[in-house]
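Novice: Take a look at the following structure, please.
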Amino acid sequence: MNRNLGKQISIPEWYADKNIFISGATGFLGKILVEKLLRDCPDLCALYLMVRAKRGQTPEDRRKDYINHLVFKELRETMPRQLDKIKFVQGDVLEEELGICENDRNMLHEKIDIVFHCAANVRFDQPLKGAVQFNTLGTYKMLQLAENMKKLQAFVHVGTTYCQCNEEVLEERRYPAKHHPLGVAQMCNMLGEDMIEEITPKLLNGLPNTYAYTKGLTEELLWDYRDKFPIAVARPSIVFAALKKPIPGWIEGMNGPTGLAIGAARGVIRTMHCNPDYNIDAIPVDVTINGIIAIAWQRGMRADKDIFYVNLTERSNFLTWGESLDIGRENFFEYPLTFALWYPDGSLKSNYYHHLLCVIFFHYLPALLIDGLLIVLRKKPFMWRVQKKVSNGLKVLQYYTTKPWVFKTDNYAALEESLCESDKEKFYMDTSTMDWRPYLLEYTKCTRTYILNEPPETLPKARANLKRLYYLDRFVQLCVYGFILYLLWSYMDCFVNVFEYTKNAIFK
């Protein structure tokens, strides 16, 4: 495996003097990857980040905005010269030849040693054509660019552990695609939107969404390039907030569990179809990035031409959906949101019909009542639209929350074991001793502060509002139960007669 017969080269030593090209560097994973490389691989030469052109901003303006982001705060204060190593290359995965000009392409061909392809459209409800163009064809263009890089030592594609959802056990190996990736792309270009929408379910063949399908197609493209340059595939599971760096609990965006947590904390989500005993296959973003950096290091040190597949997910210290709800509820009771529509008191339902009944009574009926009141007050209704969006999101996620997932992580475990002691400390991947409770508390605080822009100063107001919502919720419950008892009392004779009639009919 190791080309060097002497002392093993550490990760920072291997990255020294390397030029690195990164797609998706402005995304959640991408920014943490850039920050980590600059902080703990200080002798790397330069990071070339592919970014799209933005109207009204020069590349230099975009670069200034980028390095002033919160995740680079520690670097700005302690290692400011490292940020000079960030170079922007204008490009777009949706453009021909990535939209990179000839001079930049030639420069990349001559200089680049490592490629991290992180760019992806992670929308689960994306139409097939758009998902293919971004995820599959975007990767194909990256591979074509990499094919001409003269010094390339590692091409790391960031995929997902959920690219083969039909499998009972997801292993760290190649899964041949059912369809040819470029053939699917050509079909999408030839057919109209209506025809593509009609045949999409047949193409997916049980897969839950176009994201999983196109990620699987993409890995087949990589297989065709395995003899041309060293390739590795990093497959993260659900990427959660940072464990330690750059900020404990830091998160960006409202996808996945973060959106669920916010919706529940605002009282909008009152029920979810989910088995509370199943594990959340989650991994902190900084642990994910440490794994991705180590994957490139090991792939570059290997002499074989095999693609190196690694499932980056929790291996032993699992958190269940039920436990996460209990801890999350405690956290948001202590650190409530300033803006909440109702008291946050939802629950998980393992039975789908129980969940459906709760959706009707606790999502749709309140939405109709609130919108009706708003119409009477001559204000714009919005709750029905919000609840439809919530329901669509829950339908997408319930595929993942109502079945157990089994991931093989032998390569991941061996990767961690292969690190020297200093690398194990810097590029930590062991979460076996992580305490989920304080971790999720920091996650909650950062969600308030950095996603919802509710700083700690807003807590007194939020707690007062939570108390009001609690009493309102209990008052409404009392009224509902009182109304039910009133109906029972008022129509007691009718109920008794029906009961007697039924009993006589059965035992006649």
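We label chains A, B, ... in the order they appear in the structure tokens, count residues from 1 in each chain, and number ligands from 1 in the order shown.
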Write out as a PDB file with all heavy atoms, in the first residue's frame each polymer residue whose atoms come within 7 Å of A:Val115, counting only C-alpha atoms; drop sequence neighbours fewer than 3 positions from it.
Specialist:
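The new file around_7.pdb reads:
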ATOM      1  N   ILE A  20      -4.353  21.945  -4.569  1.00  0.00           N
ATOM      2  CA  ILE A  20      -5.605  21.205  -4.416  1.00  0.00           C
ATOM      3  C   ILE A  20      -6.735  21.954  -5.120  1.00  0.00           C
ATOM      4  O   ILE A  20      -6.874  23.173  -4.971  1.00  0.00           O
ATOM      5  CB  ILE A  20      -5.934  21.019  -2.921  1.00  0.00           C
ATOM      6  CG1 ILE A  20      -4.766  20.313  -2.216  1.00  0.00           C
ATOM      7  CG2 ILE A  20      -7.223  20.241  -2.741  1.00  0.00           C
ATOM      8  CD1 ILE A  20      -4.873  20.316  -0.703  1.00  0.00           C
ATOM      9  N   PHE A  21      -7.527  21.212  -5.875  1.00  0.00           N
ATOM     10  CA  PHE A  21      -8.685  21.775  -6.577  1.00  0.00           C
ATOM     11  C   PHE A  21      -9.952  21.244  -5.911  1.00  0.00           C
ATOM     12  O   PHE A  21     -10.092  20.033  -5.702  1.00  0.00           O
ATOM     13  CB  PHE A  21      -8.647  21.377  -8.053  1.00  0.00           C
ATOM     14  CG  PHE A  21      -9.763  21.958  -8.878  1.00  0.00           C
ATOM     15  CD1 PHE A  21      -9.949  23.324  -8.954  1.00  0.00           C
ATOM     16  CD2 PHE A  21     -10.616  21.127  -9.597  1.00  0.00           C
ATOM     17  CE1 PHE A  21     -10.968  23.869  -9.726  1.00  0.00           C
ATOM     18  CE2 PHE A  21     -11.647  21.652 -10.375  1.00  0.00           C
ATOM     19  CZ  PHE A  21     -11.819  23.033 -10.443  1.00  0.00           C
ATOM     20  N   ILE A  22     -10.890  22.146  -5.561  1.00  0.00           N
ATOM     21  CA  ILE A  22     -12.096  21.764  -4.824  1.00  0.00           C
ATOM     22  C   ILE A  22     -13.329  22.325  -5.517  1.00  0.00           C
ATOM     23  O   ILE A  22     -13.414  23.528  -5.786  1.00  0.00           O
ATOM     24  CB  ILE A  22     -12.051  22.277  -3.370  1.00  0.00           C
ATOM     25  CG1 ILE A  22     -10.794  21.776  -2.649  1.00  0.00           C
ATOM     26  CG2 ILE A  22     -13.305  21.851  -2.606  1.00  0.00           C
ATOM     27  CD1 ILE A  22     -10.618  22.345  -1.257  1.00  0.00           C
ATOM     28  N   ALA A 154      -4.618  12.000  -6.309  1.00  0.00           N
ATOM     29  CA  ALA A 154      -5.855  11.501  -5.698  1.00  0.00           C
ATOM     30  C   ALA A 154      -7.035  12.338  -6.168  1.00  0.00           C
ATOM     31  O   ALA A 154      -6.997  13.570  -6.104  1.00  0.00           O
ATOM     32  CB  ALA A 154      -5.759  11.533  -4.174  1.00  0.00           C
ATOM     33  N   PHE A 155      -8.077  11.643  -6.619  1.00  0.00           N
ATOM     34  CA  PHE A 155      -9.351  12.274  -6.977  1.00  0.00           C
ATOM     35  C   PHE A 155     -10.387  11.704  -6.006  1.00  0.00           C
ATOM     36  O   PHE A 155     -10.695  10.501  -6.047  1.00  0.00           O
ATOM     37  CB  PHE A 155      -9.732  11.945  -8.420  1.00  0.00           C
ATOM     38  CG  PHE A 155     -11.026  12.567  -8.889  1.00  0.00           C
ATOM     39  CD1 PHE A 155     -11.011  13.690  -9.705  1.00  0.00           C
ATOM     40  CD2 PHE A 155     -12.265  12.036  -8.525  1.00  0.00           C
ATOM     41  CE1 PHE A 155     -12.204  14.264 -10.150  1.00  0.00           C
ATOM     42  CE2 PHE A 155     -13.453  12.600  -8.951  1.00  0.00           C
ATOM     43  CZ  PHE A 155     -13.423  13.724  -9.774  1.00  0.00           C
ATOM     44  N   VAL A 156     -10.905  12.551  -5.116  1.00  0.00           N
ATOM     45  CA  VAL A 156     -11.860  12.101  -4.097  1.00  0.00           C
ATOM     46  C   VAL A 156     -13.255  12.617  -4.449  1.00  0.00           C
ATOM     47  O   VAL A 156     -13.485  13.824  -4.499  1.00  0.00           O
ATOM     48  CB  VAL A 156     -11.458  12.576  -2.687  1.00  0.00           C
ATOM     49  CG1 VAL A 156     -12.480  12.075  -1.664  1.00  0.00           C
ATOM     50  CG2 VAL A 156     -10.072  12.081  -2.336  1.00  0.00           C
TER      51      VAL A 156
END
Novice: Near A:Trp436, within 9 Å and counting only C-alpha atoms, which residues show up once chain neighbours fewer than 5 positions away are dropped, as a list of chain:residue names?
Specialist: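 Once the adjacent positions are removed, what remains is A:Asn317, A:Leu319, A:Ser324, A:Ile327, A:Leu441.
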Novice: Report the closest atom pair, with its distance in Å rounded to one decimal, for each residue of stretch 7-117 of chain A that has an atom no farther than 7 Å from stretch 124-147 of chain A; count only C-alpha atoms, sort by chain and then rising residue number, and write it as JSON lines.
Specialist:
{"residue": "A:Val93", "atom": "CA", "partner": "A:Gly138", "partner_atom": "CA", "distance": 4.6}
{"residue": "A:Leu94", "atom": "CA", "partner": "A:Phe134", "partner_atom": "CA", "distance": 6.1}
{"residue": "A:Glu97", "atom": "CA", "partner": "A:Lys141", "partner_atom": "CA", "distance": 6.1}
{"residue": "A:Leu98", "atom": "CA", "partner": "A:Lys141", "partner_atom": "CA", "distance": 6.4}
Novice: Applying 7 Å and only C-alpha atoms, which residues near stretch 341-346 of chain A remain after dropping the ones on its own chain fewer than 5 positions away? List them as a ChimeraX atom specification.
Specialist: /A:264-271,466,469-470,473
Novice: Any chance you can output those residues with C-alpha atoms as an mmCIF file, in the first residue's frame?
Specialist:
data_model
loop_
_atom_site.group_PDB
_atom_site.id
_atom_site.type_symbol
_atom_site.label_atom_id
_atom_site.label_comp_id
_atom_site.auth_asym_id
_atom_site.auth_seq_id
_atom_site.Cartn_x
_atom_site.Cartn_y
_atom_site.Cartn_z
ATOM 1 C CA ALA A 264 -40.870 20.947 15.779
ATOM 2 C CA ALA A 265 -39.487 23.759 17.952
ATOM 3 C CA ARG A 266 -41.849 26.205 16.263
ATOM 4 C CA GLY A 267 -44.821 23.931 16.908
ATOM 5 C CA VAL A 268 -45.434 23.419 13.180
ATOM 6 C CA ILE A 269 -44.459 19.732 13.140
ATOM 7 C CA ARG A 270 -46.563 17.824 15.686
ATOM 8 C CA THR A 271 -46.167 14.301 14.350
ATOM 9 C CA LEU A 466 -42.973 29.623 25.403
ATOM 10 C CA LEU A 469 -47.899 29.077 24.391
ATOM 11 C CA TYR A 470 -47.870 26.373 27.072
ATOM 12 C CA ASP A 473 -52.026 24.857 24.475
#
Novice: As a list in words, which residues of stretch 160-324 of chain A does DSSP assign to strand (DSSP E or B)?
Specialist: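 Answer for stretch 160-324 of chain A, restricted to strand (DSSP E or B): Leu170, Ile231, Ala232, Val233, Ala234, Arg235, Pro236, Ile238, Val239, Phe240, Thr271, Met272, His273, Asn279, Ile280, Ala282, Ile283, Pro284, Phe308, Tyr309, Val310, Asn311, Leu312, Leu319 and Thr320 of chain A.
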Novice: Would you compute the distance between atom CA of A:Phe361 and atom CA of A:Pro208? Give it in Å to one decimal.
Specialist: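 Separating atom CA of A:Phe361 from atom CA of A:Pro208 is a distance of 27.1 Å.
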Novice: Need the shell around stretch 233-244 of chain A: protein/DNA/RNA residues with any atom at most 9 Å away, counting only C-alpha atoms. Skip same-chain ones fewer than 4 positions apart. Format as a ChimeraX atom specification?
Specialist: /A:29,155-163,172,219,222,248-252,256-258,280-288,291-292,295,307-314,434,439-440,442-443,446
Novice: Taking the DSSP assignment computed from this structure's backbone, write out as number ranges by chain all residues of stretch 162-330 of chain A that belong to alpha helix (DSSP H).
Specialist: A: 181-190, 193-204, 210-223, 256-265, 285-301, 321-330
Novice: Determine the nearest neighbour of A:Ile247 from the options A:Leu487, A:Ile32, A:Leu478, A:Ala16, counting only C-alpha atoms.
Specialist: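 Checking each of A:Leu487, A:Ile32, A:Leu478, A:Ala16 against A:Ile247, counting only C-alpha atoms, the winner is A:Ile32.
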Novice: Give me, as a list in words, all polymer residues having an atom no more than 10 Å from A:Lys305, counting only C-alpha atoms and skipping those fewer than 5 positions away in the same chain.
Specialist: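 Using only C-alpha atoms, the neighbours found are Tyr225, Arg226, Asp227, Lys228, Phe229, Pro230, Ile231 and Arg299 of chain A.
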Novice: At what distance in Å, to one decimal, does atom CA of A:Ile114 lie from atom CA of A:Pro59?
Specialist: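 These two atoms are separated by 22.6 Å.
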Novice: Looking at A:Thr338, A:Val386, A:Gly300, A:Lys215, which one is nearest to A:Pro455, with distances taken over only C-alpha atoms?
Specialist: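 Among the listed residues, the smallest separation from A:Pro455 belongs to A:Thr338.
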Novice: Could you list, as a compact mmCIF listing (two decimals) with C-alpha atoms, in the first residue's frame, every residue within 12 Å of A:Leu75, counting only C-alpha atoms and ignoring same-chain residues fewer than 4 positions away?
Specialist:
# COMPACT_ATOMS: atom_id res chain seq x y z
CA ILE A 32 -15.16 23.03 6.58
CA VAL A 34 -11.04 24.38 3.21
CA GLU A 35 -10.74 25.57 6.82
CA LYS A 36 -9.39 22.22 8.03
CA LEU A 37 -6.81 21.91 5.25
CA LEU A 38 -5.48 25.41 5.90
CA ARG A 39 -5.38 24.93 9.66
CA ASP A 40 -3.89 21.45 10.00
CA PRO A 42 -0.22 24.38 6.95
CA ILE A 67 -12.71 34.38 3.78
CA ASN A 68 -14.74 36.68 6.06
CA HIS A 69 -17.15 33.84 6.80
CA LEU A 70 -17.58 32.78 10.41
CA VAL A 71 -15.85 29.41 9.92
CA MET A 79 -3.00 32.16 10.85
CA PRO A 80 -4.12 34.99 8.53
CA ARG A 81 -1.43 34.31 5.91
CA GLN A 82 -2.90 30.86 5.31
CA LEU A 83 -5.95 32.51 3.77
CA ASP A 84 -3.71 33.93 1.02
CA LYS A 245 -13.99 22.56 15.00
CA PRO A 246 -14.30 25.23 13.73
